[in-house]
Amino acid sequence: MNKFMFLFVIFILFVGSFLRFYKLDWGEGIYSHPDEYHIAASVSQLVFPTQMHPHFFSYGTVTIYLIYFTQELLKIFSSDFNFGFLVPSPFILGRFYSALFSSLTIIIVYKICRSFMDRRFSYLAALLVILTPGLIQQAHFATPESALTFFLFGSLLFIIKFLKQARILFLILASVFLGFSMGVKISSIVFLLPLLASIAIKFSRKPFRLVLFAIAGLAITIVTFAIVAPYVFLDFPAFRNNLEYEGALAIGKIPVFYTRQFIDTLPIIFQAEKILPYALGPFFFLFSSAGLIFFAINLIRKPKIEFVIIILAFLSLFLTNAFIFAKWTRFIAPSFPFFAIFAAFFLDKLYTKNRLASNLLTITLLVVTFLWTAAFFSIYLHPDVRITASNWIERNFPENSTILVEGGNMIDIPLKGGFKRISFDFYNLEEDTQARSEIAAGLEESDYFLVQSRRVFMNHQRLPNLYPKTSRFYDALFNGQMGFYQIKEFHSYPILEVGSWKLEVPDENAEETWSVFDHPVIRVFKKTKQFSNEDYAKILEIQ
């Protein structure tokens, strides 16, 4: 590698790390992702060596233990060695490791691409991973998705190396990485498919070795999993019960309020409309879709073992999560780097046919993707929208005002001020007569009504046949029939600004977790006409 290329590599790694590590304390102490709280709570109950059971199986213990032992080590340095620094909270440490694993994934993707693409387009794939908004967002949460992506792609890298170089060490490393990924999240067990497929390909003519190495790969994976997630086995009944619950929730067998956005949605179509254009960017998504088609065509025409394994790995991750009922962004987040690989592959193949077209399209893709990433990254350049809204309310609402707010958003605003805040769970409005009576009383008493995100109204207005009362309630609120008028809206949409020129990209219609945890839209309504309790009761159809 010449000096220029070395400096270029350092530069792109710096950019990738900056985009992931910048503003890990965003929210200024507000942590609105429920999984961050679950992980922090699990960390807080650990005491080495007497109590290491996290009592939490929705995610594995790899990230939980990593945060805990890092915190304990920092406590030793801070107190015993008199370094005197403040030990970061589990939230900040979790976000640090998310950013670290996400940054390391950039290198792994480059190494994977070098197995079948030249250096130029391998760098392009790495650049696209760096600029992927969905990966940048996941790196800013103390959740396991970034670690999961790192271990899965690490396993994929060593699988490919095992196939190309026939070294048993690489099979061992692939199995170890897969064991770690299962220790991050058990759903990554689907990655056994490419692992076992690689063994089957390598020893297709040697049945004894095929069986032997398949057993060895499985054994190493399971042993690694048992080491990093011991309470899966030590408390298997609790693990099994949680697995059954999470599985039933994921397939829609257990109805819960936070999965209503997925009712009557179509697999693949939902991801193509509500996730990928936002998490990748529209041009990036378009190019990667073309690349996936080219990848499949090349696999049929000139089968290569790398292509077979990469397609199997992608499908095992993407399809198993795309076709379940709960289609959250985080479920398919580990598949995002594949889209960078496919887009780079498309431009690589085009380069062999038409260099000029490939170069022009590459520049176009990078420029447009950079602009979309810059727009998304602006979210972390501005104050948290909940703090902005809370400060405005404190300045502009009369003291002792009564404020009705929607519950179920983790953090209720205003965060401070001499106000009376009434919080109701509007998810129960449809079937719970008592809840509707309490809401009617709250509406009569309140001076203001805060709609803190899109979670309630958008999901219910979309399904008026299933939720007629809730749908009509929000219709009445928004058209002024309940005596409230919207006076203010706070949002932090992705935005590009150059001087006085700016371009905002409203993204509230994306899958709800894309926005509600780090940049929800907050609507402030003021009562302009006083209705009686009976009037609200009629609107809510209590009688």
# chains A, B, ... in the order shown; residues from 1 in each chain; ligands from 1
>>> residues_around(residues="segment 21-36 of chain A", least_positions_apart="2", cutoff="9 Å", atoms="only C-alpha atoms", output="PyMOL selection string")
chain A and resi 16-19+38-41+90-92+94-96+98-100+103+136+139-143+380-381+383-387+409-411+513+516-518
>>> write_last_selection(atoms="N, CA, C and O atoms", output="short mmCIF file (atom, residue, chain, number, x, y, z; two decimals), in the first residue's frame")
data_model
loop_
_atom_site.label_atom_id
_atom_site.label_comp_id
_atom_site.auth_asym_id
_atom_site.auth_seq_id
_atom_site.Cartn_x
_atom_site.Cartn_y
_atom_site.Cartn_z
N GLY A 16 -15.47 7.55 9.55
CA GLY A 16 -16.42 6.57 10.05
C GLY A 16 -16.52 6.58 11.56
O GLY A 16 -17.62 6.51 12.12
N SER A 17 -15.39 6.68 12.23
CA SER A 17 -15.40 6.71 13.70
C SER A 17 -16.02 8.00 14.21
O SER A 17 -16.78 7.99 15.18
N PHE A 18 -15.71 9.12 13.55
CA PHE A 18 -16.29 10.40 13.98
C PHE A 18 -17.81 10.37 13.91
O PHE A 18 -18.49 10.79 14.86
N LEU A 19 -18.34 9.86 12.81
CA LEU A 19 -19.79 9.81 12.65
C LEU A 19 -20.46 8.93 13.70
O LEU A 19 -21.63 9.12 14.03
N HIS A 38 -33.32 -1.36 29.78
CA HIS A 38 -33.27 -2.77 30.14
C HIS A 38 -31.83 -3.24 30.34
O HIS A 38 -31.53 -3.97 31.29
N ILE A 39 -30.96 -2.81 29.45
CA ILE A 39 -29.56 -3.22 29.54
C ILE A 39 -28.90 -2.57 30.75
O ILE A 39 -28.17 -3.22 31.50
N ALA A 40 -29.16 -1.28 30.95
CA ALA A 40 -28.58 -0.59 32.12
C ALA A 40 -29.07 -1.22 33.42
O ALA A 40 -28.30 -1.37 34.38
N ALA A 41 -30.34 -1.61 33.46
CA ALA A 41 -30.88 -2.26 34.66
C ALA A 41 -30.22 -3.61 34.90
O ALA A 41 -29.94 -3.98 36.05
N PRO A 90 -23.73 3.16 32.57
CA PRO A 90 -23.92 2.06 31.61
C PRO A 90 -24.45 2.53 30.27
O PRO A 90 -24.14 1.93 29.23
N PHE A 91 -25.24 3.60 30.27
CA PHE A 91 -25.76 4.14 29.02
C PHE A 91 -24.62 4.61 28.11
O PHE A 91 -24.55 4.27 26.93
N ILE A 92 -23.72 5.42 28.67
CA ILE A 92 -22.62 5.97 27.89
C ILE A 92 -21.63 4.88 27.47
O ILE A 92 -21.17 4.84 26.33
N GLY A 94 -22.34 1.74 27.06
CA GLY A 94 -23.02 0.95 26.03
C GLY A 94 -22.96 1.63 24.68
O GLY A 94 -22.72 0.98 23.64
N ARG A 95 -23.14 2.94 24.66
CA ARG A 95 -23.05 3.67 23.40
C ARG A 95 -21.62 3.69 22.87
O ARG A 95 -21.39 3.65 21.66
N PHE A 96 -20.65 3.76 23.79
CA PHE A 96 -19.24 3.71 23.38
C PHE A 96 -18.95 2.40 22.65
O PHE A 96 -18.34 2.41 21.57
N SER A 98 -21.09 0.40 21.21
CA SER A 98 -21.84 0.38 19.95
C SER A 98 -21.06 1.10 18.86
O SER A 98 -20.92 0.63 17.73
N ALA A 99 -20.53 2.29 19.21
CA ALA A 99 -19.74 3.06 18.24
C ALA A 99 -18.47 2.33 17.86
O ALA A 99 -18.06 2.33 16.69
N LEU A 100 -17.82 1.68 18.84
CA LEU A 100 -16.58 0.96 18.56
C LEU A 100 -16.82 -0.22 17.63
O LEU A 100 -16.12 -0.39 16.62
N SER A 103 -17.58 0.90 14.14
CA SER A 103 -16.39 1.38 13.43
C SER A 103 -15.55 0.21 12.94
O SER A 103 -15.03 0.22 11.82
N ILE A 136 -25.12 4.43 11.62
CA ILE A 136 -24.74 5.56 12.48
C ILE A 136 -25.74 5.71 13.62
O ILE A 136 -25.37 5.93 14.78
N ALA A 139 -25.29 3.02 16.21
CA ALA A 139 -24.08 3.27 16.98
C ALA A 139 -24.29 4.29 18.09
O ALA A 139 -23.48 4.37 19.02
N HIS A 140 -25.37 5.04 18.03
CA HIS A 140 -25.66 6.04 19.07
C HIS A 140 -26.63 5.52 20.13
O HIS A 140 -27.07 6.30 20.98
N PHE A 141 -26.98 4.25 20.07
CA PHE A 141 -27.81 3.63 21.09
C PHE A 141 -26.99 2.59 21.86
O PHE A 141 -26.16 1.89 21.28
N ALA A 142 -27.24 2.48 23.15
CA ALA A 142 -26.59 1.45 23.97
C ALA A 142 -27.37 0.14 23.83
O ALA A 142 -27.84 -0.44 24.80
N THR A 143 -27.49 -0.31 22.60
CA THR A 143 -28.22 -1.53 22.29
C THR A 143 -27.28 -2.47 21.52
O THR A 143 -26.24 -2.04 21.02
N TYR A 380 -27.86 15.02 15.50
CA TYR A 380 -26.94 15.02 16.64
C TYR A 380 -26.19 16.33 16.78
O TYR A 380 -25.45 16.52 17.75
N LEU A 381 -26.36 17.23 15.82
CA LEU A 381 -25.74 18.55 15.89
C LEU A 381 -26.63 19.56 16.60
O LEU A 381 -26.16 20.64 16.97
N PRO A 383 -29.75 20.38 19.66
CA PRO A 383 -30.22 19.89 20.96
C PRO A 383 -31.35 18.89 20.78
O PRO A 383 -32.08 18.92 19.78
N ASP A 384 -31.50 17.99 21.73
CA ASP A 384 -32.59 17.03 21.69
C ASP A 384 -33.91 17.77 21.62
O ASP A 384 -34.15 18.71 22.37
N VAL A 385 -34.77 17.34 20.70
CA VAL A 385 -36.02 18.06 20.46
C VAL A 385 -36.90 18.08 21.70
O VAL A 385 -37.68 19.02 21.92
N ARG A 386 -36.81 17.06 22.56
CA ARG A 386 -37.62 17.03 23.78
C ARG A 386 -37.17 18.11 24.76
O ARG A 386 -37.99 18.70 25.47
N ILE A 387 -35.87 18.37 24.79
CA ILE A 387 -35.36 19.43 25.66
C ILE A 387 -35.76 20.80 25.11
O ILE A 387 -36.17 21.69 25.85
N ASN A 409 -44.27 7.01 26.08
CA ASN A 409 -43.16 7.52 25.28
C ASN A 409 -41.84 7.52 26.06
O ASN A 409 -40.92 8.22 25.68
N MET A 410 -41.74 6.77 27.13
CA MET A 410 -40.56 6.66 27.97
C MET A 410 -40.30 7.94 28.76
O MET A 410 -40.14 7.91 29.97
N ILE A 411 -40.25 9.07 28.08
CA ILE A 411 -39.98 10.35 28.74
C ILE A 411 -41.14 11.29 28.47
O ILE A 411 -41.51 11.52 27.33
N THR A 513 -39.72 3.47 15.05
CA THR A 513 -38.52 3.54 15.88
C THR A 513 -37.38 4.28 15.19
O THR A 513 -36.38 4.60 15.82
N VAL A 516 -38.88 7.99 16.73
CA VAL A 516 -39.43 8.32 18.04
C VAL A 516 -38.41 8.29 19.16
O VAL A 516 -38.60 8.92 20.20
N PHE A 517 -37.29 7.57 18.99
CA PHE A 517 -36.32 7.48 20.06
C PHE A 517 -35.31 8.62 20.05
O PHE A 517 -34.78 8.98 21.11
N ASP A 518 -35.00 9.18 18.88
CA ASP A 518 -34.00 10.25 18.87
C ASP A 518 -34.47 11.56 18.22
O ASP A 518 -33.84 12.59 18.43
#
>>> residues_around(residues="segment 317-329 of chain A", least_positions_apart="6", cutoff="10 Å", atoms="only C-alpha atoms", output="PyMOL selection string")
chain A and resi 134+138+152+187-191+247-253+258-271+274-276+279+311+335-336+338+510-514
>>> write_last_selection(atoms="N, CA and C atoms", output="tab-separated table (two decimals), in the first residue's frame")
chain	number	residue	atom	x	y	z
A	134	GLY	N	-28.45	4.29	8.93
A	134	GLY	CA	-28.99	3.30	9.85
A	134	GLY	C	-27.93	2.75	10.79
A	138	GLN	N	-27.73	3.32	14.94
A	138	GLN	CA	-27.57	2.21	15.87
A	138	GLN	C	-26.34	2.39	16.74
A	152	LEU	N	-21.25	-10.93	13.46
A	152	LEU	CA	-21.77	-11.67	12.31
A	152	LEU	C	-20.87	-11.49	11.09
A	187	SER	N	-31.09	-14.73	18.06
A	187	SER	CA	-31.65	-14.84	16.71
A	187	SER	C	-30.57	-15.04	15.65
A	188	SER	N	-29.31	-14.71	15.99
A	188	SER	CA	-28.23	-14.88	15.01
A	188	SER	C	-27.89	-16.35	14.79
A	189	ILE	N	-28.60	-17.25	15.45
A	189	ILE	CA	-28.43	-18.69	15.21
A	189	ILE	C	-28.68	-19.02	13.73
A	190	VAL	N	-29.44	-18.17	13.03
A	190	VAL	CA	-29.71	-18.41	11.61
A	190	VAL	C	-28.42	-18.38	10.79
A	191	PHE	N	-27.36	-17.79	11.35
A	191	PHE	CA	-26.09	-17.71	10.63
A	191	PHE	C	-25.36	-19.04	10.63
A	247	GLY	N	-40.67	-14.71	20.80
A	247	GLY	CA	-41.03	-15.30	19.52
A	247	GLY	C	-42.48	-15.07	19.17
A	248	ALA	N	-43.36	-15.24	20.17
A	248	ALA	CA	-44.79	-15.01	19.94
A	248	ALA	C	-45.07	-13.55	19.63
A	249	LEU	N	-44.34	-12.66	20.30
A	249	LEU	CA	-44.49	-11.23	20.03
A	249	LEU	C	-44.03	-10.90	18.62
A	250	ALA	N	-42.90	-11.48	18.21
A	250	ALA	CA	-42.33	-11.17	16.89
A	250	ALA	C	-43.23	-11.63	15.75
A	251	ILE	N	-43.92	-12.75	15.94
A	251	ILE	CA	-44.78	-13.24	14.86
A	251	ILE	C	-46.20	-12.71	14.97
A	252	GLY	N	-46.47	-11.88	15.98
A	252	GLY	CA	-47.77	-11.27	16.12
A	252	GLY	C	-48.79	-12.10	16.87
A	253	LYS	N	-48.34	-13.18	17.48
A	253	LYS	CA	-49.25	-14.04	18.22
A	253	LYS	C	-49.72	-13.37	19.50
A	258	TYR	N	-47.15	-1.68	21.15
A	258	TYR	CA	-46.04	-1.14	20.38
A	258	TYR	C	-45.75	-1.92	19.09
A	259	THR	N	-46.62	-2.86	18.73
A	259	THR	CA	-46.47	-3.51	17.42
A	259	THR	C	-47.66	-3.21	16.50
A	260	ARG	N	-48.52	-2.29	16.89
A	260	ARG	CA	-49.70	-2.01	16.07
A	260	ARG	C	-49.36	-1.42	14.71
A	261	GLN	N	-48.20	-0.80	14.60
A	261	GLN	CA	-47.83	-0.22	13.30
A	261	GLN	C	-47.63	-1.30	12.24
A	262	PHE	N	-47.48	-2.56	12.65
A	262	PHE	CA	-47.22	-3.63	11.70
A	262	PHE	C	-48.47	-4.37	11.24
A	263	ILE	N	-49.61	-4.00	11.80
A	263	ILE	CA	-50.85	-4.65	11.39
A	263	ILE	C	-51.13	-4.35	9.91
A	264	ASP	N	-51.48	-5.41	9.17
A	264	ASP	CA	-51.81	-5.28	7.74
A	264	ASP	C	-50.66	-4.71	6.91
A	265	THR	N	-49.43	-5.07	7.25
A	265	THR	CA	-48.28	-4.66	6.44
A	265	THR	C	-47.70	-5.88	5.72
A	266	LEU	N	-47.07	-5.64	4.59
A	266	LEU	CA	-46.55	-6.72	3.76
A	266	LEU	C	-45.03	-6.82	3.90
A	267	PRO	N	-44.51	-8.04	4.10
A	267	PRO	CA	-43.06	-8.22	4.15
A	267	PRO	C	-42.40	-7.71	2.88
A	268	ILE	N	-41.19	-7.26	2.99
A	268	ILE	CA	-40.38	-6.70	1.92
A	268	ILE	C	-40.90	-5.33	1.49
A	269	ILE	N	-42.21	-5.26	1.19
A	269	ILE	CA	-42.81	-3.97	0.80
A	269	ILE	C	-42.67	-2.98	1.95
A	270	PHE	N	-42.94	-3.42	3.16
A	270	PHE	CA	-42.82	-2.52	4.31
A	270	PHE	C	-41.39	-2.03	4.46
A	271	GLN	N	-40.43	-2.94	4.40
A	271	GLN	CA	-39.03	-2.54	4.54
A	271	GLN	C	-38.61	-1.61	3.40
A	274	LYS	N	-40.66	1.80	4.29
A	274	LYS	CA	-40.60	2.44	5.60
A	274	LYS	C	-39.24	2.40	6.28
A	275	ILE	N	-38.31	1.59	5.77
A	275	ILE	CA	-37.02	1.46	6.46
A	275	ILE	C	-35.85	1.80	5.54
A	276	LEU	N	-35.69	1.05	4.47
A	276	LEU	CA	-34.48	1.13	3.67
A	276	LEU	C	-34.24	2.50	3.01
A	279	ALA	N	-32.90	4.44	6.14
A	279	ALA	CA	-31.70	3.91	6.79
A	279	ALA	C	-30.50	3.87	5.86
A	311	ILE	N	-24.64	-14.57	-0.36
A	311	ILE	CA	-26.09	-14.58	-0.57
A	311	ILE	C	-26.80	-15.35	0.54
A	335	SER	N	-28.15	-6.36	8.56
A	335	SER	CA	-28.02	-6.64	7.13
A	335	SER	C	-27.63	-5.40	6.32
A	336	PHE	N	-27.59	-4.23	6.93
A	336	PHE	CA	-27.29	-3.00	6.18
A	336	PHE	C	-25.95	-3.05	5.45
A	338	PHE	N	-24.56	-5.40	3.95
A	338	PHE	CA	-24.71	-6.16	2.71
A	338	PHE	C	-25.13	-5.25	1.56
A	510	ALA	N	-41.62	7.14	8.41
A	510	ALA	CA	-40.80	5.93	8.42
A	510	ALA	C	-41.25	5.02	9.56
A	511	GLU	N	-40.73	3.79	9.57
A	511	GLU	CA	-41.00	2.89	10.70
A	511	GLU	C	-40.75	3.66	11.98
A	512	GLU	N	-41.68	3.56	12.95
A	512	GLU	CA	-41.71	4.53	14.04
A	512	GLU	C	-40.42	4.60	14.86
A	513	THR	N	-39.72	3.47	15.05
A	513	THR	CA	-38.52	3.54	15.88
A	513	THR	C	-37.38	4.28	15.19
A	514	TRP	N	-37.53	4.55	13.90
A	514	TRP	CA	-36.54	5.36	13.20
A	514	TRP	C	-36.50	6.77	13.77
>>> select_by_dssp(residues="segment 92-211 of chain A", states="helix (DSSP H, G or I)", output="ChimeraX atom specification")
/A:92-113,119-130,133-139,145-165,168-184,186-202,207-211
>>> closest_residue(among="A:Ala296, A:Leu415, A:Glu406, A:Phe287", to="Ser358 of chain A", atoms="only C-alpha atoms")
A:Phe287
>>> residues_around(residues="segment 69-77 of chain A", least_positions_apart="4", cutoff="12 Å", atoms="only C-alpha atoms", output="list in words")
Ala40, Val43, Ser44, Leu46, Val47, Phe48, Pro49, Met52, Thr61, Val62, Thr63, Ile64, Tyr65, Phe81, Asn82, Phe83, Gly84, Phe85, Leu86, Val87, Pro88, Ser89, Pro90, Phe91, Ile92, Leu93, Gly94, Phe96 and Tyr97 of chain A
>>> write_last_selection(atoms="N, CA, C and O atoms", output="CSV table (one decimal), in the first residue's frame")
chain,number,residue,atom,x,y,z
A,40,ALA,N,-29.2,-1.3,31.0
A,40,ALA,CA,-28.6,-0.6,32.1
A,40,ALA,C,-29.1,-1.2,33.4
A,40,ALA,O,-28.3,-1.4,34.4
A,43,VAL,N,-27.2,-4.4,34.0
A,43,VAL,CA,-25.8,-4.2,34.4
A,43,VAL,C,-25.8,-3.8,35.9
A,43,VAL,O,-24.9,-4.3,36.7
A,44,SER,N,-26.8,-3.0,36.3
A,44,SER,CA,-26.8,-2.5,37.7
A,44,SER,C,-27.0,-3.6,38.8
A,44,SER,O,-26.6,-3.4,39.9
A,46,LEU,N,-25.6,-6.6,38.6
A,46,LEU,CA,-24.5,-7.6,38.7
A,46,LEU,C,-23.5,-7.3,39.8
A,46,LEU,O,-23.2,-6.1,40.0
A,47,VAL,N,-23.0,-8.3,40.4
A,47,VAL,CA,-22.0,-8.2,41.5
A,47,VAL,C,-21.0,-9.4,41.3
A,47,VAL,O,-21.4,-10.5,41.6
A,48,PHE,N,-19.8,-9.1,40.8
A,48,PHE,CA,-18.8,-10.2,40.6
A,48,PHE,C,-18.2,-10.6,41.9
A,48,PHE,O,-17.8,-9.7,42.7
A,49,PRO,N,-18.1,-11.9,42.2
A,49,PRO,CA,-18.5,-13.0,41.3
A,49,PRO,C,-19.8,-13.7,41.8
A,49,PRO,O,-20.2,-14.7,41.3
A,52,MET,N,-24.0,-12.8,38.9
A,52,MET,CA,-23.8,-12.5,37.6
A,52,MET,C,-24.9,-12.8,36.6
A,52,MET,O,-24.8,-12.9,35.4
A,61,THR,N,-25.8,-11.7,26.9
A,61,THR,CA,-25.1,-11.1,28.0
A,61,THR,C,-23.7,-10.5,27.5
A,61,THR,O,-23.0,-10.0,28.4
A,62,VAL,N,-23.4,-10.7,26.3
A,62,VAL,CA,-22.1,-10.2,25.8
A,62,VAL,C,-21.9,-8.7,26.1
A,62,VAL,O,-21.0,-8.3,26.7
A,63,THR,N,-22.9,-7.9,25.6
A,63,THR,CA,-22.8,-6.5,25.8
A,63,THR,C,-23.0,-6.1,27.3
A,63,THR,O,-22.4,-5.2,27.8
A,64,ILE,N,-23.9,-6.8,28.0
A,64,ILE,CA,-24.1,-6.5,29.4
A,64,ILE,C,-22.9,-6.8,30.2
A,64,ILE,O,-22.5,-5.9,31.0
A,65,TYR,N,-22.2,-7.9,30.0
A,65,TYR,CA,-21.0,-8.2,30.7
A,65,TYR,C,-19.8,-7.2,30.3
A,65,TYR,O,-19.0,-6.8,31.2
A,81,PHE,N,-6.4,3.9,42.1
A,81,PHE,CA,-5.2,4.6,41.6
A,81,PHE,C,-5.3,6.1,41.6
A,81,PHE,O,-4.5,6.8,41.0
A,82,ASN,N,-6.4,6.6,42.2
A,82,ASN,CA,-6.6,8.0,42.4
A,82,ASN,C,-6.5,8.8,41.1
A,82,ASN,O,-6.0,9.9,41.1
A,83,PHE,N,-7.1,8.2,40.1
A,83,PHE,CA,-7.2,9.0,38.8
A,83,PHE,C,-8.2,10.1,38.9
A,83,PHE,O,-8.2,11.1,38.2
A,84,GLY,N,-9.2,9.8,39.7
A,84,GLY,CA,-10.2,10.9,40.0
A,84,GLY,C,-11.1,11.2,38.9
A,84,GLY,O,-11.7,12.4,38.9
A,85,PHE,N,-11.4,10.4,38.0
A,85,PHE,CA,-12.4,10.7,36.9
A,85,PHE,C,-13.7,10.1,37.2
A,85,PHE,O,-13.8,9.2,38.0
A,86,LEU,N,-14.8,10.6,36.6
A,86,LEU,CA,-16.1,10.2,36.8
A,86,LEU,C,-16.4,8.9,36.0
A,86,LEU,O,-16.2,9.0,34.7
A,87,VAL,N,-16.7,7.8,36.6
A,87,VAL,CA,-17.0,6.6,35.8
A,87,VAL,C,-18.3,6.8,35.0
A,87,VAL,O,-19.3,7.1,35.5
A,88,PRO,N,-18.2,6.5,33.7
A,88,PRO,CA,-19.4,6.7,32.8
A,88,PRO,C,-20.5,5.8,33.2
A,88,PRO,O,-20.3,4.7,33.8
A,89,SER,N,-21.7,6.2,32.9
A,89,SER,CA,-22.9,5.3,33.2
A,89,SER,C,-22.9,4.2,32.2
A,89,SER,O,-22.3,4.2,31.2
A,90,PRO,N,-23.7,3.2,32.6
A,90,PRO,CA,-23.9,2.1,31.6
A,90,PRO,C,-24.4,2.5,30.3
A,90,PRO,O,-24.1,1.9,29.2
A,91,PHE,N,-25.2,3.6,30.3
A,91,PHE,CA,-25.8,4.1,29.0
A,91,PHE,C,-24.6,4.6,28.1
A,91,PHE,O,-24.6,4.3,26.9
A,92,ILE,N,-23.7,5.4,28.7
A,92,ILE,CA,-22.6,6.0,27.9
A,92,ILE,C,-21.6,4.9,27.5
A,92,ILE,O,-21.2,4.8,26.3
A,93,LEU,N,-21.3,4.0,28.4
A,93,LEU,CA,-20.4,2.9,28.0
A,93,LEU,C,-21.0,2.0,26.9
A,93,LEU,O,-20.3,1.5,26.0
A,94,GLY,N,-22.3,1.7,27.1
A,94,GLY,CA,-23.0,1.0,26.0
A,94,GLY,C,-23.0,1.6,24.7
A,94,GLY,O,-22.7,1.0,23.6
A,96,PHE,N,-20.6,3.8,23.8
A,96,PHE,CA,-19.2,3.7,23.4
A,96,PHE,C,-19.0,2.4,22.7
A,96,PHE,O,-18.3,2.4,21.6
A,97,TYR,N,-19.4,1.3,23.2
A,97,TYR,CA,-19.1,0.0,22.6
A,97,TYR,C,-19.9,-0.2,21.3
A,97,TYR,O,-19.4,-0.8,20.3
>>> closest_residue(among="A:Phe370, A:Val524, A:Phe339, A:Thr433", to="Leu404 of chain A", atoms="only C-alpha atoms")
A:Val524
>>> atom_distance(atom1="atom CA of Gln486 of chain A", atom2="atom CA of Asp447 of chain A")
12.3 Å
>>> closest_residue(among="A:Gly499, A:Glu399, A:Gly417, A:Glu541", to="Lys469 of chain A", atoms="only C-alpha atoms")
A:Glu541
>>> closest_residue(among="A:Ile332, A:Ala340, A:Leu280, A:Leu171", to="Thr373 of chain A", atoms="only C-alpha atoms")
A:Leu280
>>> select_by_dssp(residues="segment 346-512 of chain A", states="strand (DSSP E)", output="list in words")
Thr402, Ile403, Leu404, Val405, Glu406, Lys420, Arg421, Ile422, Ser423, Phe424, Tyr448, Phe449, Leu450, Val451, Phe484, Tyr485, Gln486, Ile487, Lys488, Glu489, Phe490, Ile495, Leu496, Glu497, Val498, Trp501, Lys502, Leu503 and Glu504 of chain A
>>> residues_around(residues="Ala226 of chain A", least_positions_apart="4", cutoff="10 Å", atoms="only C-alpha atoms", output="list in words")
Gly179, Phe180, Met182, Gly183, Ile220, Thr221, Ile222, Pro230, Tyr231, Val232, Phe233 and Leu234 of chain A
>>> write_last_selection(atoms="N, CA, C and O atoms", output="short mmCIF file (atom, residue, chain, number, x, y, z; two decimals), in the first residue's frame")
data_model
loop_
_atom_site.label_atom_id
_atom_site.label_comp_id
_atom_site.auth_asym_id
_atom_site.auth_seq_id
_atom_site.Cartn_x
_atom_site.Cartn_y
_atom_site.Cartn_z
N GLY A 179 -20.51 -17.83 17.83
CA GLY A 179 -20.89 -18.05 19.22
C GLY A 179 -21.05 -16.74 19.97
O GLY A 179 -21.99 -16.58 20.76
N PHE A 180 -20.15 -15.79 19.72
CA PHE A 180 -20.28 -14.47 20.34
C PHE A 180 -21.54 -13.76 19.85
O PHE A 180 -22.23 -13.09 20.63
N MET A 182 -24.31 -15.07 18.88
CA MET A 182 -25.45 -15.66 19.56
C MET A 182 -25.51 -15.20 21.01
O MET A 182 -26.59 -15.08 21.60
N GLY A 183 -24.34 -14.92 21.60
CA GLY A 183 -24.31 -14.37 22.94
C GLY A 183 -24.74 -12.93 23.01
O GLY A 183 -25.04 -12.40 24.08
N ILE A 220 -17.87 -25.82 18.66
CA ILE A 220 -17.14 -24.60 19.01
C ILE A 220 -18.11 -23.43 19.18
O ILE A 220 -17.99 -22.63 20.11
N THR A 221 -19.09 -23.36 18.29
CA THR A 221 -20.10 -22.29 18.39
C THR A 221 -20.87 -22.39 19.70
O THR A 221 -21.05 -21.39 20.41
N ILE A 222 -21.32 -23.59 20.04
CA ILE A 222 -22.14 -23.78 21.24
C ILE A 222 -21.31 -23.56 22.50
O ILE A 222 -21.78 -22.93 23.46
N PRO A 230 -23.72 -17.78 29.89
CA PRO A 230 -23.86 -19.01 30.69
C PRO A 230 -25.25 -19.23 31.25
O PRO A 230 -25.68 -20.37 31.41
N TYR A 231 -25.99 -18.14 31.54
CA TYR A 231 -27.28 -18.32 32.21
C TYR A 231 -28.38 -18.78 31.25
O TYR A 231 -29.47 -19.13 31.70
N VAL A 232 -28.07 -18.81 29.96
CA VAL A 232 -28.98 -19.47 29.03
C VAL A 232 -29.12 -20.95 29.42
O VAL A 232 -30.20 -21.54 29.35
N PHE A 233 -28.02 -21.53 29.89
CA PHE A 233 -28.01 -22.94 30.28
C PHE A 233 -28.25 -23.11 31.78
O PHE A 233 -28.93 -24.05 32.20
N LEU A 234 -27.72 -22.19 32.58
CA LEU A 234 -27.86 -22.31 34.03
C LEU A 234 -29.29 -22.00 34.49
O LEU A 234 -29.73 -22.48 35.53
#
>>> atom_distance(atom1="atom CA of Ile403 of chain A", atom2="atom CA of Ile522 of chain A")
13.8 Å
>>> closest_residue(among="A:Phe150, A:Phe239, A:Phe121, A:Phe4", to="Ser58 of chain A", atoms="only C-alpha atoms")
A:Phe239
>>> closest_residue(among="A:Arg119, A:Lys164, A:Arg209, A:Lys488", to="Arg523 of chain A", atoms="only C-alpha atoms")
A:Lys488
>>> residues_around(residues="Phe307 of chain A", least_positions_apart="6", cutoff="10 Å", atoms="only C-alpha atoms", output="number ranges by chain")
A: 116, 160, 295-296, 298-300, 313
>>> residues_around(residues="Val223 of chain A", least_positions_apart="5", cutoff="9 Å", atoms="only C-alpha atoms", output="PyMOL selection string")
chain A and resi 176+179+218+228
>>> write_last_selection(atoms="C-alpha atoms", output="mmCIF file, in the first residue's frame")
data_model
loop_
_atom_site.group_PDB
_atom_site.id
_atom_site.type_symbol
_atom_site.label_atom_id
_atom_site.label_comp_id
_atom_site.auth_asym_id
_atom_site.auth_seq_id
_atom_site.Cartn_x
_atom_site.Cartn_y
_atom_site.Cartn_z
ATOM 1 C CA VAL A 176 -16.135 -18.440 17.762
ATOM 2 C CA GLY A 179 -20.887 -18.053 19.224
ATOM 3 C CA LEU A 218 -21.290 -26.605 15.897
ATOM 4 C CA VAL A 228 -20.360 -15.787 26.972
#
>>> residues_around(residues="Phe426 of chain A", least_positions_apart="2", cutoff="9 Å", atoms="only C-alpha atoms", output="JSON, numbers by chain")
{"A": [406, 407, 408, 424, 428, 429, 430, 435, 436, 439, 456, 470]}
